[in-house]
$ cat upload-v6.tsv   # TSV, C-alpha atoms
chain	number	residue	atom	x	y	z
A	1	MET	CA	86.47	88.55	102.77
A	2	ILE	CA	88.16	88.33	106.16
A	3	ASP	CA	87.21	90.39	109.19
A	4	SER	CA	90.67	90.67	110.66
A	5	HIS	CA	89.58	92.08	114.03
A	6	CYS	CA	86.37	91.44	115.95
A	7	HIS	CA	85.33	90.46	119.47
A	8	LEU	CA	83.07	87.43	119.13
A	9	THR	CA	83.29	86.74	122.88
A	10	ASP	CA	81.63	90.05	123.68
A	11	PRO	CA	78.17	89.27	125.12
A	12	ARG	CA	76.49	91.36	122.42
A	13	LEU	CA	77.80	88.94	119.78
A	14	ALA	CA	78.24	85.76	121.83
A	15	SER	CA	74.57	85.81	122.79
A	16	GLN	CA	73.56	85.48	119.12
A	17	LEU	CA	76.67	83.85	117.68
A	18	PRO	CA	74.99	81.34	115.30
A	19	GLN	CA	73.00	84.17	113.70
A	20	VAL	CA	76.10	86.43	113.57
A	21	LEU	CA	78.09	83.75	111.78
A	22	GLN	CA	75.24	83.02	109.40
A	23	ARG	CA	74.86	86.68	108.47
A	24	ALA	CA	78.61	86.92	107.94
A	25	ALA	CA	78.60	83.93	105.58
A	26	GLU	CA	75.63	85.34	103.66
A	27	ALA	CA	77.50	88.64	103.23
A	28	GLY	CA	80.62	86.91	101.94
A	29	VAL	CA	82.68	87.11	105.14
A	30	HIS	CA	83.97	83.59	105.59
A	31	ARG	CA	86.86	84.04	108.01
A	32	MET	CA	87.33	86.07	111.18
A	33	ILE	CA	90.00	86.80	113.75
A	34	THR	CA	88.52	87.29	117.21
A	35	ILE	CA	90.51	89.15	119.84
A	36	GLY	CA	90.99	88.34	123.50
A	37	THR	CA	91.61	91.47	125.57
A	38	GLY	CA	92.62	89.87	128.88
A	39	LEU	CA	93.46	86.44	130.23
A	40	GLU	CA	89.86	85.34	130.87
A	41	ASP	CA	88.70	86.69	127.52
A	42	ALA	CA	91.72	85.06	125.83
A	43	ARG	CA	90.74	81.65	127.15
A	44	ALA	CA	87.18	82.19	125.97
A	45	ALA	CA	88.42	83.18	122.50
A	46	ILE	CA	90.53	80.03	122.23
A	47	GLU	CA	87.65	77.80	123.28
A	48	LEU	CA	85.43	79.49	120.70
A	49	CYS	CA	87.99	78.97	117.94
A	50	LYS	CA	88.30	75.29	118.76
A	51	LYS	CA	84.66	74.92	117.76
A	52	LEU	CA	84.87	76.94	114.53
A	53	ASP	CA	87.10	76.05	111.59
A	54	ASN	CA	86.88	79.53	110.06
A	55	VAL	CA	87.76	81.58	113.15
A	56	ARG	CA	91.21	82.16	114.66
A	57	CYS	CA	92.24	84.45	117.48
A	58	ALA	CA	94.82	86.79	118.93
A	59	VAL	CA	95.18	87.01	122.68
A	60	GLY	CA	96.73	89.70	124.82
A	61	ILE	CA	96.21	92.31	127.51
A	62	HIS	CA	94.48	95.44	126.24
A	63	PRO	CA	95.94	98.69	127.62
A	64	ASN	CA	92.57	99.74	128.98
A	65	TYR	CA	92.53	96.59	131.12
A	66	SER	CA	96.20	96.66	132.05
A	67	ALA	CA	95.49	98.25	135.44
A	68	GLU	CA	94.14	94.86	136.48
A	69	ALA	CA	97.26	93.03	135.26
A	70	GLU	CA	100.83	92.64	136.44
A	71	VAL	CA	103.89	91.81	134.39
A	72	PHE	CA	103.91	88.23	135.69
A	73	HIS	CA	100.44	87.74	134.14
A	74	VAL	CA	102.06	88.07	130.72
A	75	GLU	CA	103.78	84.73	131.38
A	76	GLN	CA	100.32	83.14	131.43
A	77	LEU	CA	99.93	84.32	127.83
A	78	ARG	CA	102.94	82.20	126.92
A	79	GLU	CA	101.03	78.99	127.60
A	80	LEU	CA	98.02	80.25	125.64
A	81	GLN	CA	100.23	81.06	122.66
A	82	SER	CA	100.97	77.39	122.18
A	83	ASP	CA	97.39	76.71	121.09
A	84	SER	CA	97.12	76.23	117.33
A	85	THR	CA	94.17	78.64	117.07
A	86	VAL	CA	96.28	81.60	118.27
A	87	LEU	CA	97.80	83.60	115.42
A	88	ALA	CA	99.12	86.66	117.25
A	89	ILE	CA	99.54	88.47	120.56
A	90	GLY	CA	97.23	91.40	121.21
A	91	GLU	CA	95.57	93.58	121.18
A	92	MET	CA	98.16	95.41	123.21
A	93	GLY	CA	99.56	98.90	123.25
A	94	LEU	CA	98.96	102.31	124.77
A	95	ASP	CA	95.77	104.32	125.27
A	96	TYR	CA	96.34	107.91	126.39
A	97	HIS	CA	92.78	108.90	125.45
A	98	TYR	CA	90.98	107.06	128.25
A	99	ASP	CA	93.97	106.69	130.59
A	100	ARG	CA	92.23	103.85	132.42
A	101	ALA	CA	95.63	102.65	133.64
A	102	PRO	CA	98.68	104.69	134.63
A	103	ARG	CA	100.78	105.32	131.56
A	104	ASP	CA	103.98	103.89	133.04
A	105	HIS	CA	102.09	100.70	133.92
A	106	GLN	CA	100.61	100.51	130.42
A	107	ARG	CA	104.12	100.71	129.03
A	108	ARG	CA	105.41	97.93	131.30
A	109	ILE	CA	102.61	95.57	130.28
A	110	PHE	CA	103.08	96.50	126.62
A	111	GLU	CA	106.84	95.92	126.72
A	112	ALA	CA	106.43	92.57	128.48
A	113	GLN	CA	104.03	91.38	125.77
A	114	LEU	CA	106.37	92.52	123.02
A	115	HIS	CA	109.20	90.60	124.68
A	116	LEU	CA	107.01	87.50	124.69
A	117	ALA	CA	106.06	88.02	121.04
A	118	ALA	CA	109.73	88.18	120.06
A	119	GLN	CA	110.43	84.98	121.97
A	120	VAL	CA	107.54	82.98	120.48
A	121	LYS	CA	107.93	84.63	117.04
A	122	LYS	CA	104.37	85.90	116.76
A	123	PRO	CA	103.13	89.15	115.20
A	124	VAL	CA	101.38	91.69	117.39
A	125	ILE	CA	98.14	93.65	117.12
A	126	ILE	CA	98.48	97.22	118.37
A	127	HIS	CA	95.84	99.36	120.06
A	128	CYS	CA	97.09	102.95	119.97
A	129	ARG	CA	95.11	106.04	120.91
A	130	GLU	CA	96.83	109.40	121.17
A	131	ALA	CA	100.12	107.61	121.84
A	132	VAL	CA	101.82	107.12	118.48
A	133	ASP	CA	105.19	108.55	119.53
A	134	ASP	CA	105.57	106.30	122.58
A	135	THR	CA	104.13	103.27	120.79
A	136	LEU	CA	106.55	103.54	117.88
A	137	ALA	CA	109.47	104.16	120.22
A	138	ILE	CA	108.70	101.00	122.19
A	139	LEU	CA	108.12	98.98	119.04
A	140	ARG	CA	111.44	100.16	117.63
A	141	ASN	CA	113.21	98.18	120.34
A	142	ALA	CA	111.05	95.08	119.89
A	143	GLN	CA	111.59	94.20	116.23
A	144	VAL	CA	108.33	92.28	115.81
A	145	PRO	CA	105.78	92.58	112.96
A	146	ALA	CA	102.95	94.88	114.04
A	147	LEU	CA	99.47	95.74	112.84
A	148	PHE	CA	98.01	99.05	114.02
A	149	HIS	CA	94.37	98.05	114.22
A	150	CYS	CA	91.48	100.50	113.83
A	151	PHE	CA	93.69	103.28	112.56
A	152	THR	CA	92.02	106.68	112.79
A	153	GLY	CA	95.05	108.91	113.15
A	154	THR	CA	96.63	111.59	111.01
A	155	ALA	CA	98.46	111.33	107.71
A	156	ASP	CA	101.75	112.05	109.47
A	157	GLU	CA	101.13	109.30	112.02
A	158	ALA	CA	100.24	106.86	109.25
A	159	ALA	CA	103.40	107.75	107.35
A	160	ARG	CA	105.56	107.09	110.40
A	161	ILE	CA	103.86	103.76	111.05
A	162	LEU	CA	104.31	102.72	107.43
A	163	ASP	CA	107.92	103.90	107.42
A	164	ALA	CA	108.47	101.50	110.31
A	165	ALA	CA	107.16	98.67	108.05
A	166	HIS	CA	103.95	98.09	110.02
A	167	LEU	CA	100.41	97.47	108.68
A	168	LEU	CA	97.22	99.50	109.11
A	169	GLY	CA	93.76	98.10	109.80
A	170	PHE	CA	90.77	100.22	108.78
A	171	THR	CA	87.34	100.05	110.37
A	172	GLY	CA	83.92	101.72	110.18
A	173	PRO	CA	85.16	105.31	110.66
A	174	VAL	CA	86.63	105.27	107.15
A	175	THR	CA	83.02	105.22	105.89
A	176	TYR	CA	81.87	108.22	107.95
A	177	LYS	CA	80.97	111.29	105.91
A	178	LYS	CA	83.26	113.73	107.72
A	179	ASN	CA	86.36	111.52	107.60
A	180	ASP	CA	87.90	112.72	104.34
A	181	ASP	CA	91.33	112.94	105.99
A	182	LEU	CA	91.16	109.27	106.97
A	183	ARG	CA	90.13	108.31	103.45
A	184	THR	CA	93.21	110.16	102.20
A	185	VAL	CA	95.29	107.99	104.52
A	186	VAL	CA	93.71	104.89	102.94
A	187	LYS	CA	94.50	106.22	99.48
A	188	ASN	CA	98.14	106.72	100.40
A	189	THR	CA	98.60	103.37	102.15
A	190	PRO	CA	100.17	100.68	99.95
A	191	LEU	CA	97.69	97.93	99.20
A	192	ASP	CA	99.97	95.28	100.68
A	193	ARG	CA	99.77	97.08	104.06
A	194	VAL	CA	95.96	97.34	104.26
A	195	LEU	CA	93.57	95.20	106.28
A	196	VAL	CA	89.83	95.68	106.78
A	197	GLU	CA	88.15	94.96	110.08
A	198	THR	CA	85.06	95.71	112.12
A	199	ASP	CA	86.23	95.87	115.74
A	200	ALA	CA	82.73	94.47	116.29
A	201	PRO	CA	80.64	95.06	118.32
A	202	TYR	CA	82.03	98.62	118.09
A	203	LEU	CA	82.20	101.23	115.30
A	204	THR	CA	79.36	100.21	113.00
A	205	PRO	CA	80.03	101.57	109.49
A	206	GLU	CA	77.79	103.51	107.16
A	207	PRO	CA	75.16	102.84	105.86
A	208	VAL	CA	74.19	100.68	108.86
A	209	ARG	CA	75.54	103.03	111.50
A	210	LYS	CA	72.18	103.27	113.26
A	211	ILE	CA	72.57	99.60	114.22
A	212	LYS	CA	74.32	99.86	117.56
A	213	THR	CA	75.95	96.43	117.55
A	214	ASN	CA	78.50	96.00	114.81
A	215	GLU	CA	79.19	92.48	113.48
A	216	PRO	CA	81.54	90.79	111.00
A	217	ALA	CA	79.05	90.90	108.11
A	218	PHE	CA	79.34	94.68	108.14
A	219	VAL	CA	83.03	94.60	107.21
A	220	MET	CA	81.78	94.47	103.63
A	221	HIS	CA	80.65	98.10	103.91
A	222	THR	CA	84.12	99.17	105.00
A	223	ALA	CA	85.69	97.00	102.30
A	224	ARG	CA	83.58	98.58	99.55
A	225	VAL	CA	84.65	102.08	100.61
A	226	VAL	CA	88.32	101.06	100.79
A	227	ALA	CA	88.10	99.43	97.35
A	228	GLU	CA	86.51	102.56	95.91
A	229	ILE	CA	89.23	104.76	97.43
A	230	LYS	CA	91.93	102.51	96.00
A	231	GLY	CA	90.23	102.45	92.60
A	232	ILE	CA	89.97	98.66	92.48
A	233	SER	CA	87.18	96.11	92.51
A	234	LEU	CA	85.90	94.55	95.71
A	235	GLU	CA	87.22	91.22	94.44
A	236	ASP	CA	90.71	92.67	94.02
A	237	LEU	CA	90.60	94.16	97.51
A	238	ASP	CA	89.51	90.78	98.85
A	239	ARG	CA	92.45	89.09	97.15
A	240	ALA	CA	94.88	91.69	98.49
A	241	THR	CA	93.65	91.72	102.08
A	242	THR	CA	93.39	87.93	102.16
A	243	ALA	CA	97.02	87.72	101.04
A	244	ASN	CA	97.97	90.29	103.68
A	245	VAL	CA	96.25	88.29	106.44
A	246	SER	CA	97.90	85.07	105.28
A	247	ARG	CA	101.35	86.65	105.19
A	248	PHE	CA	101.14	88.66	108.42
A	249	PHE	CA	99.35	86.13	110.61
A	250	HIS	CA	100.78	83.00	108.98
A	251	TRP	CA	97.26	81.67	108.52
A	252	PRO	CA	97.95	79.15	105.75
A	253	ASP	CA	95.76	77.85	102.99
A	254	ILE	CA	93.35	80.76	102.88
A	255	LYS	CA	92.08	82.26	99.68
A	256	PRO	CA	89.29	84.67	98.75
A	257	ALA	CA	85.80	83.21	98.74
A	258	PRO	CA	82.98	84.22	96.41
A	259	LEU	CA	81.62	87.62	97.40
A	260	GLN	CA	77.97	88.46	97.74
A	261	GLU	CA	76.93	91.63	95.94
$ encode --input "upload-v6.tsv" --output "structure tokens"
Amino acid sequence: MIDSHCHLTDPRLASQLPQVLQRAAEAGVHRMITIGTGLEDARAAIELCKKLDNVRCAVGIHPNYSAEAEVFHVEQLRELQSDSTVLAIGEMGLDYHYDRAPRDHQRRIFEAQLHLAAQVKKPVIIHCREAVDDTLAILRNAQVPALFHCFTGTADEAARILDAAHLLGFTGPVTYKKNDDLRTVVKNTPLDRVLVETDAPYLTPEPVRKIKTNEPAFVMHTARVVAEIKGISLEDLDRATTANVSRFFHWPDIKPAPLQE
């Protein structure tokens, strides 16, 4: 299984990284994509990946940190994109829930990163909270492959994202007891558009939700729920999501590994 979105450079995981990676391997999670959310974090993610054969990264400027960035900073991402460990640009996007940066500034930073992605021919990882209309409108002009990570929106929002040929990543909330609507979204999402992720150290899934720090090993809990919703085996979900990661991120020569039950 692949955890297609985690933050291994976060101090909560970085401080115990050998144990985190060991627990992931024991659970059957053998590959991870760690995300850099700003320039400093991006450099740390790349350095981490250089030490680990089974971890790759995406680097970008998160909308919640875009207040600290200017458009010219996006050019510094161009140099980072040349590293072989970098599979995508992101996470990037719009966050109207927290509004930690002015919305017009978020949009400028988002658009600049999309322009870079088109130039370097990389897919993008989208962070979108309460901003689906604006996000899709901006993406429509960019024409780059996009993954809406940690999708927790409505069925209508999911349909519009899928109609635009983008992918959806599902995290711990799909396991929460009161999230029947989100599980319906999973059911209606074509299998070749589904990824599973943790967003670790955030959003710990059931039945380990009391553990405050999420980690890649726990993606198996999300994967089991997604497989059940789709009416397929965990092994079949692994094969499908592994193929989706390989195709979307152009991470070659990956195949499902034996799963631990």
$ closest_residue --input "upload-v6.tsv" --among "A:Ala101, A:Ile138, A:Ile229, A:Val74" --to "A:Leu116" --atoms "only C-alpha atoms"
A:Val74
$ residues_around --input "upload-v6.tsv" --residues "A:Leu168" --least-positions-apart "2" --cutoff "6 Å" --atoms "all atoms listed in the file" --output "number ranges by chain"
A: 147-148, 194
$ residues_around --input "upload-v6.tsv" --residues "A:His5" --least-positions-apart "6" --cutoff "12 Å" --atoms "all atoms listed in the file" --output "ChimeraX atom specification"
/A:31-37,55-59,87-88,90-91,125-127,147-150,168-172,195-203,214-216,219,245,249
$ write_last_selection --input "upload-v6.tsv" --atoms "C-alpha atoms" --output "PDB file, keeping the file's coordinate frame"
ATOM      1  CA  ARG A  31      86.860  84.040 108.010  1.00  0.00           C
ATOM      2  CA  MET A  32      87.330  86.070 111.180  1.00  0.00           C
ATOM      3  CA  ILE A  33      90.000  86.800 113.750  1.00  0.00           C
ATOM      4  CA  THR A  34      88.520  87.290 117.210  1.00  0.00           C
ATOM      5  CA  ILE A  35      90.510  89.150 119.840  1.00  0.00           C
ATOM      6  CA  GLY A  36      90.990  88.340 123.500  1.00  0.00           C
ATOM      7  CA  THR A  37      91.610  91.470 125.570  1.00  0.00           C
ATOM      8  CA  VAL A  55      87.760  81.580 113.150  1.00  0.00           C
ATOM      9  CA  ARG A  56      91.210  82.160 114.660  1.00  0.00           C
ATOM     10  CA  CYS A  57      92.240  84.450 117.480  1.00  0.00           C
ATOM     11  CA  ALA A  58      94.820  86.790 118.930  1.00  0.00           C
ATOM     12  CA  VAL A  59      95.180  87.010 122.680  1.00  0.00           C
ATOM     13  CA  LEU A  87      97.800  83.600 115.420  1.00  0.00           C
ATOM     14  CA  ALA A  88      99.120  86.660 117.250  1.00  0.00           C
ATOM     15  CA  GLY A  90      97.230  91.400 121.210  1.00  0.00           C
ATOM     16  CA  GLU A  91      95.570  93.580 121.180  1.00  0.00           C
ATOM     17  CA  ILE A 125      98.140  93.650 117.120  1.00  0.00           C
ATOM     18  CA  ILE A 126      98.480  97.220 118.370  1.00  0.00           C
ATOM     19  CA  HIS A 127      95.840  99.360 120.060  1.00  0.00           C
ATOM     20  CA  LEU A 147      99.470  95.740 112.840  1.00  0.00           C
ATOM     21  CA  PHE A 148      98.010  99.050 114.020  1.00  0.00           C
ATOM     22  CA  HIS A 149      94.370  98.050 114.220  1.00  0.00           C
ATOM     23  CA  CYS A 150      91.480 100.500 113.830  1.00  0.00           C
ATOM     24  CA  LEU A 168      97.220  99.500 109.110  1.00  0.00           C
ATOM     25  CA  GLY A 169      93.760  98.100 109.800  1.00  0.00           C
ATOM     26  CA  PHE A 170      90.770 100.220 108.780  1.00  0.00           C
ATOM     27  CA  THR A 171      87.340 100.050 110.370  1.00  0.00           C
ATOM     28  CA  GLY A 172      83.920 101.720 110.180  1.00  0.00           C
ATOM     29  CA  LEU A 195      93.570  95.200 106.280  1.00  0.00           C
ATOM     30  CA  VAL A 196      89.830  95.680 106.780  1.00  0.00           C
ATOM     31  CA  GLU A 197      88.150  94.960 110.080  1.00  0.00           C
ATOM     32  CA  THR A 198      85.060  95.710 112.120  1.00  0.00           C
ATOM     33  CA  ASP A 199      86.230  95.870 115.740  1.00  0.00           C
ATOM     34  CA  ALA A 200      82.730  94.470 116.290  1.00  0.00           C
ATOM     35  CA  PRO A 201      80.640  95.060 118.320  1.00  0.00           C
ATOM     36  CA  TYR A 202      82.030  98.620 118.090  1.00  0.00           C
ATOM     37  CA  LEU A 203      82.200 101.230 115.300  1.00  0.00           C
ATOM     38  CA  ASN A 214      78.500  96.000 114.810  1.00  0.00           C
ATOM     39  CA  GLU A 215      79.190  92.480 113.480  1.00  0.00           C
ATOM     40  CA  PRO A 216      81.540  90.790 111.000  1.00  0.00           C
ATOM     41  CA  VAL A 219      83.030  94.600 107.210  1.00  0.00           C
ATOM     42  CA  VAL A 245      96.250  88.290 106.440  1.00  0.00           C
ATOM     43  CA  PHE A 249      99.350  86.130 110.610  1.00  0.00           C
TER      44      PHE A 249
END
$ atom_distance --input "upload-v6.tsv" --atom1 "atom CA of A:Phe218" --atom2 "atom CA of A:Leu17"
14.7 Å
$ closest_residue --input "upload-v6.tsv" --among "A:Glu235, A:Val86, A:Ala164, A:Asp10" --to "A:Trp251" --atoms "all atoms listed in the file"
A:Val86
$ residues_around --input "upload-v6.tsv" --residues "A:Asp134" --least-positions-apart "5" --cutoff "12 Å" --atoms "all atoms listed in the file" --output "number ranges by chain"
A: 93-96, 103-104, 106-107, 110-111, 128-129, 139-141, 157, 161
$ closest_residue --input "upload-v6.tsv" --among "A:Gln76, A:Thr135, A:Ser4, A:Gln143" --to "A:Thr241" --atoms "only C-alpha atoms"
A:Ser4
$ closest_residue --input "upload-v6.tsv" --among "A:Ile46, A:Ala24, A:Val29, A:Leu77" --to "A:Val120" --atoms "only C-alpha atoms"
A:Leu77
$ closest_residue --input "upload-v6.tsv" --among "A:Leu114, A:Ala158, A:Ala146, A:Ala165" --to "A:Thr189" --atoms "all atoms listed in the file"
A:Ala158
$ closest_residue --input "upload-v6.tsv" --among "A:Ala118, A:Ala243, A:Ala137, A:Ala44" --to "A:Arg193" --atoms "only C-alpha atoms"
A:Ala243
$ atom_distance --input "upload-v6.tsv" --atom1 "atom CA of A:Asn54" --atom2 "atom CA of A:Ala27"
14.8 Å
$ atom_distance --input "upload-v6.tsv" --atom1 "atom CA of A:Tyr98" --atom2 "atom CA of A:Phe248"
28.9 Å
$ residues_near_point --input "upload-v6.tsv" --point "(83.9, 105.2, 107.2)" --cutoff "10 Å" --atoms "all atoms listed in the file" --output "number ranges by chain"
A: 152, 170-180, 182-183, 203-207, 209, 221-223, 225-226
$ build_atoms --input "upload-v6.tsv" --residues "stretch 127-140 of chain A" --atoms "N, CA and C atoms" --output "compact mmCIF listing (two decimals), keeping the file's coordinate frame"
# COMPACT_ATOMS: atom_id res chain seq x y z
N HIS A 127 96.86 98.36 119.74
CA HIS A 127 95.84 99.36 120.06
C HIS A 127 96.59 100.62 120.45
N CYS A 128 96.36 101.70 119.72
CA CYS A 128 97.09 102.95 119.97
C CYS A 128 96.13 104.11 119.84
N ARG A 129 95.93 104.83 120.94
CA ARG A 129 95.11 106.04 120.91
C ARG A 129 95.88 107.18 121.55
N GLU A 130 96.14 108.20 120.73
CA GLU A 130 96.83 109.40 121.17
C GLU A 130 98.18 109.08 121.81
N ALA A 131 98.86 108.07 121.25
CA ALA A 131 100.12 107.61 121.84
C ALA A 131 101.08 107.09 120.78
N VAL A 132 101.02 107.65 119.59
CA VAL A 132 101.82 107.12 118.48
C VAL A 132 103.31 107.24 118.76
N ASP A 133 103.76 108.37 119.30
CA ASP A 133 105.19 108.55 119.53
C ASP A 133 105.74 107.48 120.47
N ASP A 134 105.08 107.29 121.61
CA ASP A 134 105.57 106.30 122.58
C ASP A 134 105.43 104.88 122.04
N THR A 135 104.34 104.62 121.33
CA THR A 135 104.13 103.27 120.79
C THR A 135 105.22 102.91 119.79
N LEU A 136 105.52 103.81 118.88
CA LEU A 136 106.55 103.54 117.88
C LEU A 136 107.93 103.42 118.53
N ALA A 137 108.18 104.22 119.54
CA ALA A 137 109.47 104.16 120.22
C ALA A 137 109.67 102.80 120.90
N ILE A 138 108.62 102.31 121.53
CA ILE A 138 108.70 101.00 122.19
C ILE A 138 108.81 99.89 121.16
N LEU A 139 108.05 99.99 120.09
CA LEU A 139 108.12 98.98 119.04
C LEU A 139 109.49 98.93 118.38
N ARG A 140 110.13 100.08 118.30
CA ARG A 140 111.44 100.16 117.63
C ARG A 140 112.44 99.23 118.31
